[in-house]
Every structure is written in C-alpha cells, then in structure tokens.
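Notes follow once the structure below has been shown.
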Amino acid sequence: MMDSVSFKIRGMDCAEEVAALKSEVGPIAGGEENLSFDILNGKMTVSAPSGAVDAEAIAQAVSRAGMEAVPWDARGGRPADTFWKRRGRFVMTCASGAALAAGFVTHWLAHGSLLEALAAGDGAEKHAFPLPSMLFYIASIVTGGWFILPKAWRAARSLRLDMNFLMTVAVAGAAAIGEWLEAATVTFLFSVSLALESWSVGRARRAVEALMDLSPLTALLMKDDGTTESVAPEKVGVGSLILVKPGEKIPLDGEVVSGVSHVNQAPITGESVPVEKKPGDQVFAGTINGDGALQVKNTKPAQDTTLAHIIRLVKEAMSRRSPSEQWVERFARVYTPSVMALALGFITIPPLLFGGVWEEWFYRSLVLLVIACPCALVISTPVSVVAALTSSARGGVLVKGGIYIEAPARLRAVALDKTGTLSQGRPSVEKVVPLSGHDEKELIERAASIEAHSDHPLARAIVEYARERAVPIKPASDHQAIRGKGAEGRFDGKLYWLGSHRFLEERGMETGEVHEKLEAMTRRGRTVVVVGNDTHVCGFIAISDTVRPEAGRAIRDMKEAGVDHIVMLTGDNEGTARAVAENLGIDEVKAELLPADKIKAVEDLVARYGSVAMVGDGVNDAPAMARATLGIAMGAAGSDAAIETADIVLMADDLSRLPWLIRHSRRTLAVIRENIGFSLFVKAVFVALTFLGQASLWAAIAADMGASLIVISNGLRLLNRR
C-alpha cells in the first residue's frame, strides 16, 4: 500500500526548482517516479510504501535544494505565507534596482559625463569606479542576488548547473575583472526576470483559484417547521432541502423541488445564456440563481459536487505535463552543461590557439553564460499550458492535464456515440403498435413494468409515457438486464422480454411480416423496442430522440478544422443510425454495437488514422473512450464512469465545443512553438554577436529578460478563450 504526503514548497516557481527537488528528494522517496509536482500551487506530493515517508528527512532535502517544505493543510489547502515569503523577492528586486540607479548616478556625477559613466572611464582610468558608486553596485548585487546566490551555491555543491549557477558565475566573473556596473545590471535584470516568472505563475494560479471562489460559504437549510438555518454546505445531508433566494449562488448540486427561475450556469458549463430551471431539473453548485426562489433537494455531499470535481481535476491537471513541457525539460537537461562547455571553449581556445586576449575572451564567455540562460525557454511552455487549461475550464471544457491539451490538435478521426451525444439523450415514445391481440395499454403496462428497474434513456421514455397516460406501473419480478440487447422480467407470473431488432432475431421469433414492419419504422429514423413473451411478439414501441441542434454545425466545423474522418458508433439499429448520420453529414456508421464492438471499432480507427477521439456519455462508452487516443465525455448528462474515464469533459454537453477545442489546442501548440522558436532564435543571435565581440553583459541580460517577458505575455494570451 502506498502513502501520499503533500508539502507546500516555498520558492518553487519553475522547472529549474523541480529539477533540484528531484535531485535531492528523489533518493529519499525511492526514486523520482514517486514525486509529483504542481508548480501552479507550489505543491509537491511524495508517494512511497506505507510508513516509508519521512517528513523530516524530506524537509531537510528540500532545504538542501534551497527551498522550504511545509506540510500541506488538507483543509485549508496552501498554508498562509508571511509578508516576506509573499513579497520578499519583489522587495529585494526593488532594492537592487534602487542601489543600481544610485550607483550609476553617483558614478555619473563623479565623472561629470553620462557617456564616461556608461564606459566606466578610458585608458588608465578604465574601471576607476568611485568608492561610493562601487559600494552601491555591490549593494545592488547582494540584494538582487539574495534569492539567487543560495540556490547557486547548492547547485554547485550537488553538481547541478542550473540558471542560478550560470548567472552567479557571470556576475562573479564581471566583478572579478572590475565590470561593476555590468555585474550589478545583470543581477538586477535577472532578479526582475525571476520576479516576472513568479508573477506569471501567480496570475495563472489566481485564475484557477477563481474557481474556488465560486463555492458559496453557506447554505439555507430548510427545517421541518418551515424555518431556515444558515449552515456550511458540508453540514447539509444528502436528501435535505435547501432554499436558494434570487441572486444567490447555489451551494450544492441538487434537484429543483419547487419554484421556477433562470440560472446562470456559465461558471460551470460556460453557457452564456441563463437556463430555465423548474421542478425536476438538475442544478449545480457555484451557479447563480436568477429572479425566482428555488427549493432544491441536495443530491451530493459538498465534497462530491460537480464544482468540487472540477476544482480537483483542474488542480490535478497542472501536474500532468504536456509533451512540449517534457521536451523542454529534456532539452534543458542537455542544454545547460553544453553551454558551460561552450563558455569554457570561449575562454581557452581563442587565446591558446589564435593568440586572443585572455581578458576579452573571458568577458565574452561571461556574456555567453548570461544569454544562454534558459529562463525564457523553460518558463514559456508551462505558462502557455496553464493559461490554455484555465481558459478551457472557463469555457466549459474541462481538460485533465497538459498532456491532453495538445492532443486535439493532432486528431485525424473522431468517433461519436449517438444517444446522449449526437442526440439530446431524452427520447420520447412516438408510436405504439400492438400485435397478437394486445392493446396499447397492455403493451405499455408490460414494457413499463420491465423498464421500471432501468435508468436507460429508452427505458425512461417508456416509463414517462406510461405515467402521462396514467397506466399503472408494477415493477416486474425476476428482472434481468441483458447488456446491450434488452431486458426481461415476470409480469403476473408470466415471463416477458423487450429489446432491439437484433434481440428479436436471436430469440428466433421474427416472422416476415414482423421484419417488414420493423424495417419500415427504422427507416424513418425511429428506434424500435420489441416487446414479447415466450409464445409471440406482443408489439412494437417506436421511440425517437431529437438530434442536438448544434450537432450538424459541429460536424461541419470539425471537418473544416482538419478532422479527416467522423464516425458514429451506436448500439441503436442500423436504419435509425443511418438516418441520423445522413442528416448530419457523418462519414461512416457502425450500428447495433455492444460495448466490446465499440472497443474493436475504436481500435480499428486508431490503426487506420493514428490519433482518434471517442466522444460519449454512457457507461458503455467508457471502455471505448479509454481505448481511444483521446476520450471526451458529455459532462452535464454523462455518467460518472464516462466522466472519470475521459481525458476531456464537455461540461455543457455542447458539441460546438469540439471544433472550438481542436482550434484552441492548435492555437496552444502554435503559441508554444512560437515561444520556443523565439527563445532559441534570440539566443542564437546573441551567441553569434558574442563570438564577434558585439554583445555586452547588460545587453545580453536585457535581451534575455525581454524574451522572457515576451513569451510570458504571448502564453497568457491563451487566457482569452474567444
């Protein structure tokens, strides 16, 4: 059995810190595979065999990595930080900038010339810094490097050549050759760059935390005597009644018992228009009631609401890194030591082999270390992914990790279930055809008695039809569901069955007349439920399901977005499936499928097209979704099994989100590639300029900081879901 212990890691803002933690904590935890990180929330989780997690040893290992570990508070989430923990980096960066400015002004006044202050003198006077100016520059280096130097020292001790180490070597080298202005400038600008990085992560973190603010703090619990009591949602039992006044947030998931109102579901589903709610309708925690009071029966504990699941899944998503993030980490692992080797070559090869000036090439190697710092490269991808995940959640599309945000961009085929996915999933009885001497009331009575045990959409349609016509429903005895085919049970001691055309054929009771009638009804796009007993067919119940109004447009948009092939996979009969597919413009239909058949169909698609998504809503869709490259579930009406299995959930059951998701994924990939390409381009240009002697330390760090700021801003554009 595995234990999991979580820690708040103070000072963990990017992949560099994660690499340091893996190096120090990994051996204690039994390997890096037992560690998981959530940079967004500053959280590290250690999984190890029961009793093997030594919190004290882990805290010491984190300290050796230059950070601080605090036990994670399961009730309150991240423990509260002191002002210094929250604002210390900002304060020291400002102090570094102020000291740098003071040193420069002092130097300028002492020389009486701005150009001479920038050049630090000429000839014999070169580097003749006034003592006050030098002291200010040293103060700028110390304050700017306050959070950098300890990490650099620990990196050197553990032979990890990270960006902190690179910067420290560059600053120390500049100071050693008397370039105090450039040493201070490099330190300050690098400190600003780290502050920007921390701010960008903080902004994305606050965007996710906005989801938590949706949770109401109290609920109005209705008592038996008609009074109400304000209590915490956690104290409201399942089945209890709560009152939601106009304009208030709904505190828990539930079913409307009385009242009519329009509810703004945008925080959960992304729907822009409020949805009318009346008795029998479902409501979600965190949504906002309109102008009517509602009495709601609580159906889920506070920790199990749809909103709670969204918050939990979004948090978990941040630790599931995308392929691009994994590539950047692998690249940086090779890149940094390579840069150190190249810098060493700059110092030694030109002076030794070509008579270069040692001091000049030493300075160029320092510039190389600065410009080669992978800040912009390392931060660009996670910021982009977090922004894309947050934007998706705001738009009612829950993506369960960075690993899945890139997958829709590569889709070549999409398989869709019919009932509940392409259709509304709320079928209704359209026609009843009694046979063999039965009348409509008898047929519906027997069918409803068998289907009273089932939660299948077709079963609910039959039961609802019986209730509307006041047909008595007496649940059948010895009920047995026959998966993917139908059901049977005893009514007044006699065995009756119902199911699909295929089930009728398997029972060997089909006649030519019955077959002809069934085919005629299915060609009209109806689903036909056959009812029979051991001796004959009692009749047919024709059921139709309304296709979602946005389905046709969604199919066309997916094709325009680059999906090559769209398939319908359904357990429904061939005639109904083909009628729906032709109406929507679907390329291929596979009908009358059992759950195992859907898995085989998805496997065939994967073999043909490589990258395939399966979109479904039911328990029988979950295995096929798990087998597909990407599983997408309908969230509002979907089963828990489908939602848990899926990689992506459409919270509003809105198929128009599918082409939006594909385009959003491609936009995310484009932004990531832009950021990586731009970061590497800037570095390549400055490496060339450095080799030619046309780059300085302060210009290199300014370029690196500018690149960081540009890629961060570019990544945060993805927060705009439009």
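Identifiers in the structure tokens: chain A, B, ... in order shown; residue index from 1 per chain; ligand index from 1 in order shown.
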* Members of range 570-651 of chain A assigned helix (DSSP H, G or I) by DSSP, as a PyMOL selection string -> chain A and resi 574-584+595-609+619-627+640-645
* Asked: Neighbours of Ala607 in chain A within 12 Å (only C-alpha atoms; same-chain residues fewer than 4 positions away dropped), as a PyMOL selection string?
  -> chain A and resi 412-413+600-603+611-612+627-629
* Would you mind reading off the distance between CA of Glu56 in chain A and CA of Asn164 in chain A, one decimal, in Å? =>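 Distance between the two atoms: 26.3 Å.
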* Expressed in Å to a single decimal, how great is the separation between CA of Ala387 in chain A and CA of Asn720 in chain A? ->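 Computing it gives 8.6 Å between the two atoms.
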* To do: Do a neighbour search on range 281-289 of chain A at 6 Å with only C-alpha atoms, toss out local chain neighbours closer than 4 positions, and write the hits as a ChimeraX atom specification.
  => /A:214-215,246-256,263-265,277
For the selection you just gave me, I'd like the residues written to a file as a short mmCIF file (atom, residue, chain, number, x, y, z; two decimals), in the first residue's frame, keeping C-alpha atoms.
data_model
loop_
_atom_site.label_atom_id
_atom_site.label_comp_id
_atom_site.auth_asym_id
_atom_site.auth_seq_id
_atom_site.Cartn_x
_atom_site.Cartn_y
_atom_site.Cartn_z
CA LEU A 214 -17.48 30.04 -6.79
CA SER A 215 -18.18 27.83 -3.79
CA PRO A 246 -32.96 35.19 -6.06
CA GLY A 247 -29.46 36.33 -6.99
CA GLU A 248 -27.69 33.85 -4.66
CA LYS A 249 -25.18 31.18 -5.60
CA ILE A 250 -26.47 27.63 -5.46
CA PRO A 251 -24.42 25.94 -2.71
CA LEU A 252 -24.80 22.26 -3.68
CA ASP A 253 -25.72 20.01 -6.58
CA GLY A 254 -29.36 19.05 -6.44
CA GLU A 255 -32.80 18.71 -8.00
CA VAL A 256 -35.33 21.52 -8.06
CA VAL A 263 -29.92 30.02 -13.58
CA ASN A 264 -26.61 31.36 -14.86
CA GLN A 265 -24.55 28.19 -15.39
CA LYS A 277 -34.96 25.61 -14.14
#
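Compared by their closest atoms to Arg717 in chain A, and using only C-alpha atoms, the residues A:Ser384, A:Thr168, A:Trp660, A:Ile648 rank with A:Ser384 nearest.
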DSSP strand (DSSP E or B) residues within range 542-691 of chain A, as an mmCIF file with N, CA and C atoms, in the first residue's frame:
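Once everything was written out, this is part-v2.cif:
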data_model
loop_
_atom_site.group_PDB
_atom_site.id
_atom_site.type_symbol
_atom_site.label_atom_id
_atom_site.label_comp_id
_atom_site.auth_asym_id
_atom_site.auth_seq_id
_atom_site.Cartn_x
_atom_site.Cartn_y
_atom_site.Cartn_z
ATOM 1 N N ALA A 542 -42.229 2.545 -30.868
ATOM 2 C CA ALA A 542 -41.309 3.365 -31.658
ATOM 3 C C ALA A 542 -40.916 4.605 -30.853
ATOM 4 N N ILE A 543 -39.620 4.811 -30.724
ATOM 5 C CA ILE A 543 -39.092 5.915 -29.909
ATOM 6 C C ILE A 543 -38.154 6.748 -30.764
ATOM 7 N N SER A 544 -38.270 8.030 -30.672
ATOM 8 C CA SER A 544 -37.363 8.914 -31.414
ATOM 9 C C SER A 544 -36.646 9.842 -30.447
ATOM 10 N N VAL A 547 -32.130 15.101 -32.372
ATOM 11 C CA VAL A 547 -30.707 15.389 -32.573
ATOM 12 C C VAL A 547 -30.396 16.773 -32.014
ATOM 13 N N HIS A 565 -11.961 12.172 -40.728
ATOM 14 C CA HIS A 565 -12.988 11.137 -40.756
ATOM 15 C C HIS A 565 -13.822 11.199 -39.480
ATOM 16 N N ILE A 566 -15.148 11.205 -39.621
ATOM 17 C CA ILE A 566 -16.053 11.241 -38.467
ATOM 18 C C ILE A 566 -16.975 10.030 -38.539
ATOM 19 N N VAL A 567 -17.057 9.286 -37.434
ATOM 20 C CA VAL A 567 -17.772 8.017 -37.383
ATOM 21 C C VAL A 567 -18.803 8.058 -36.269
ATOM 22 N N MET A 568 -19.962 7.453 -36.508
ATOM 23 C CA MET A 568 -20.942 7.256 -35.445
ATOM 24 C C MET A 568 -20.864 5.800 -34.983
ATOM 25 N N LEU A 569 -20.690 5.600 -33.678
ATOM 26 C CA LEU A 569 -20.704 4.267 -33.077
ATOM 27 C C LEU A 569 -21.916 4.198 -32.162
ATOM 28 N N GLU A 588 -19.136 7.750 -41.662
ATOM 29 C CA GLU A 588 -19.241 6.298 -41.509
ATOM 30 C C GLU A 588 -20.149 5.980 -40.327
ATOM 31 N N VAL A 589 -20.899 4.893 -40.437
ATOM 32 C CA VAL A 589 -21.818 4.478 -39.374
ATOM 33 C C VAL A 589 -21.538 3.030 -39.003
ATOM 34 N N LYS A 590 -21.427 2.767 -37.715
ATOM 35 C CA LYS A 590 -21.354 1.396 -37.208
ATOM 36 C C LYS A 590 -22.460 1.273 -36.162
ATOM 37 N N VAL A 612 -7.118 9.352 -32.594
ATOM 38 C CA VAL A 612 -8.578 9.228 -32.659
ATOM 39 C C VAL A 612 -9.190 9.648 -31.328
ATOM 40 N N ALA A 613 -10.280 10.422 -31.393
ATOM 41 C CA ALA A 613 -11.040 10.778 -30.193
ATOM 42 C C ALA A 613 -12.340 9.994 -30.178
ATOM 43 N N MET A 614 -12.747 9.553 -28.971
ATOM 44 C CA MET A 614 -14.049 8.919 -28.793
ATOM 45 C C MET A 614 -14.874 9.820 -27.895
ATOM 46 N N VAL A 615 -16.059 10.224 -28.374
ATOM 47 C CA VAL A 615 -16.940 11.113 -27.617
ATOM 48 C C VAL A 615 -18.170 10.324 -27.201
ATOM 49 N N GLY A 616 -18.451 10.278 -25.895
ATOM 50 C CA GLY A 616 -19.602 9.520 -25.413
ATOM 51 C C GLY A 616 -20.118 10.053 -24.102
ATOM 52 N N LEU A 630 -7.851 9.851 -27.343
ATOM 53 C CA LEU A 630 -8.400 10.919 -26.511
ATOM 54 C C LEU A 630 -9.856 10.590 -26.209
ATOM 55 N N GLY A 631 -10.206 10.513 -24.921
ATOM 56 C CA GLY A 631 -11.579 10.263 -24.520
ATOM 57 C C GLY A 631 -12.258 11.563 -24.125
ATOM 58 N N ILE A 632 -13.426 11.840 -24.720
ATOM 59 C CA ILE A 632 -14.158 13.081 -24.441
ATOM 60 C C ILE A 632 -15.555 12.712 -23.971
ATOM 61 N N ALA A 633 -15.956 13.213 -22.793
ATOM 62 C CA ALA A 633 -17.254 12.875 -22.209
ATOM 63 C C ALA A 633 -18.178 14.072 -22.205
ATOM 64 N N MET A 634 -19.481 13.798 -22.350
ATOM 65 C CA MET A 634 -20.514 14.808 -22.164
ATOM 66 C C MET A 634 -20.728 14.928 -20.655
ATOM 67 N N ILE A 648 -11.070 14.582 -21.401
ATOM 68 C CA ILE A 648 -11.668 15.914 -21.552
ATOM 69 C C ILE A 648 -13.171 15.783 -21.329
ATOM 70 N N VAL A 649 -13.768 16.759 -20.634
ATOM 71 C CA VAL A 649 -15.204 16.732 -20.348
ATOM 72 C C VAL A 649 -15.844 18.010 -20.874
ATOM 73 N N LEU A 650 -16.922 17.853 -21.673
ATOM 74 C CA LEU A 650 -17.705 18.999 -22.137
ATOM 75 C C LEU A 650 -18.803 19.243 -21.117
#
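Considering only C-alpha atoms, the residue among A:Lys474, A:Lys245, A:Arg667, A:Lys300 positioned nearest to Glu451 in chain A is A:Lys474.
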* Taking into account only C-alpha atoms, which residue in the set A:Val682, A:Ala101, A:Ile28, A:Ala175 is nearest to Val46 in chain A? ->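 Checking each candidate against Val46 in chain A, we get A:Ile28 as the closest.
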* Asked: How many Å separate CA of Leu100 in chain A from CA of Ser140 in chain A?
  ->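 It comes out at 5.4 Å.
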* **12 Å contact set for Leu718 in chain A, only C-alpha atoms, chain neighbours under 4 positions out, as a PyMOL selection string** => chain A and resi 204+381-395+405+663-672+711-714+722
Export of the given selection (C-alpha atoms) as a compact mmCIF listing (two decimals), in the first residue's frame:
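Below you can see part01.txt, which holds the result:
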# COMPACT_ATOMS: atom_id res chain seq x y z
CA ALA A 204 -2.36 31.66 -13.69
CA THR A 381 5.75 26.28 -22.12
CA PRO A 382 4.24 25.78 -18.63
CA VAL A 383 2.76 29.29 -18.63
CA SER A 384 1.16 28.64 -22.02
CA VAL A 385 -0.23 25.27 -20.95
CA VAL A 386 -1.63 26.58 -17.65
CA ALA A 387 -3.25 29.52 -19.47
CA ALA A 388 -4.78 27.14 -22.03
CA LEU A 389 -6.12 24.80 -19.33
CA THR A 390 -7.62 27.69 -17.38
CA SER A 391 -9.20 29.18 -20.50
CA SER A 392 -10.74 25.81 -21.34
CA ALA A 393 -12.20 25.44 -17.84
CA ARG A 394 -13.74 28.91 -18.08
CA GLY A 395 -15.30 27.92 -21.40
CA ILE A 405 -4.39 19.97 -24.22
CA ARG A 663 -8.75 25.09 -32.73
CA HIS A 664 -7.85 26.04 -29.14
CA SER A 665 -5.42 23.11 -28.98
CA ARG A 666 -3.81 24.16 -32.27
CA ARG A 667 -3.58 27.73 -31.06
CA THR A 668 -1.91 26.48 -27.87
CA LEU A 669 0.60 24.42 -29.86
CA ALA A 670 1.28 27.40 -32.11
CA VAL A 671 1.94 29.66 -29.11
CA ILE A 672 4.26 27.06 -27.54
CA VAL A 711 6.98 34.66 -24.19
CA ILE A 712 5.10 35.06 -20.89
CA SER A 713 2.80 37.68 -22.44
CA ASN A 714 2.34 35.52 -25.51
CA ARG A 722 -12.53 33.65 -27.58
* To do: Find the residues near Leu21 in chain A: any atom within 12 Å, counting only C-alpha atoms, skip ones fewer than 2 places away on the same chain, and give them as a ChimeraX atom specification.
  => /A:9-19,23-29,31-32,35-37,39,43-46,58-69,151,154-155,158,160
* Asked: With distances taken over only C-alpha atoms, which of A:Asp225, A:Asp654, A:Glu505, A:Glu276 is nearest to Arg553 in chain A?
  ->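 Nearest candidate to Arg553 in chain A out of A:Asp225, A:Asp654, A:Glu505, A:Glu276: A:Asp654.
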* Asked: With distances taken over only C-alpha atoms, which of A:Val606, A:Ala409, A:Leu344, A:Ser708 is nearest to Val192 in chain A?
  ->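 Closest to Val192 in chain A of all the choices is A:Ser708.
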* Return the single residue from A:Met558, A:Leu109, A:Val528, A:Leu181 that is closest to Leu135 in chain A, with distances computed using only C-alpha atoms. => A:Leu181
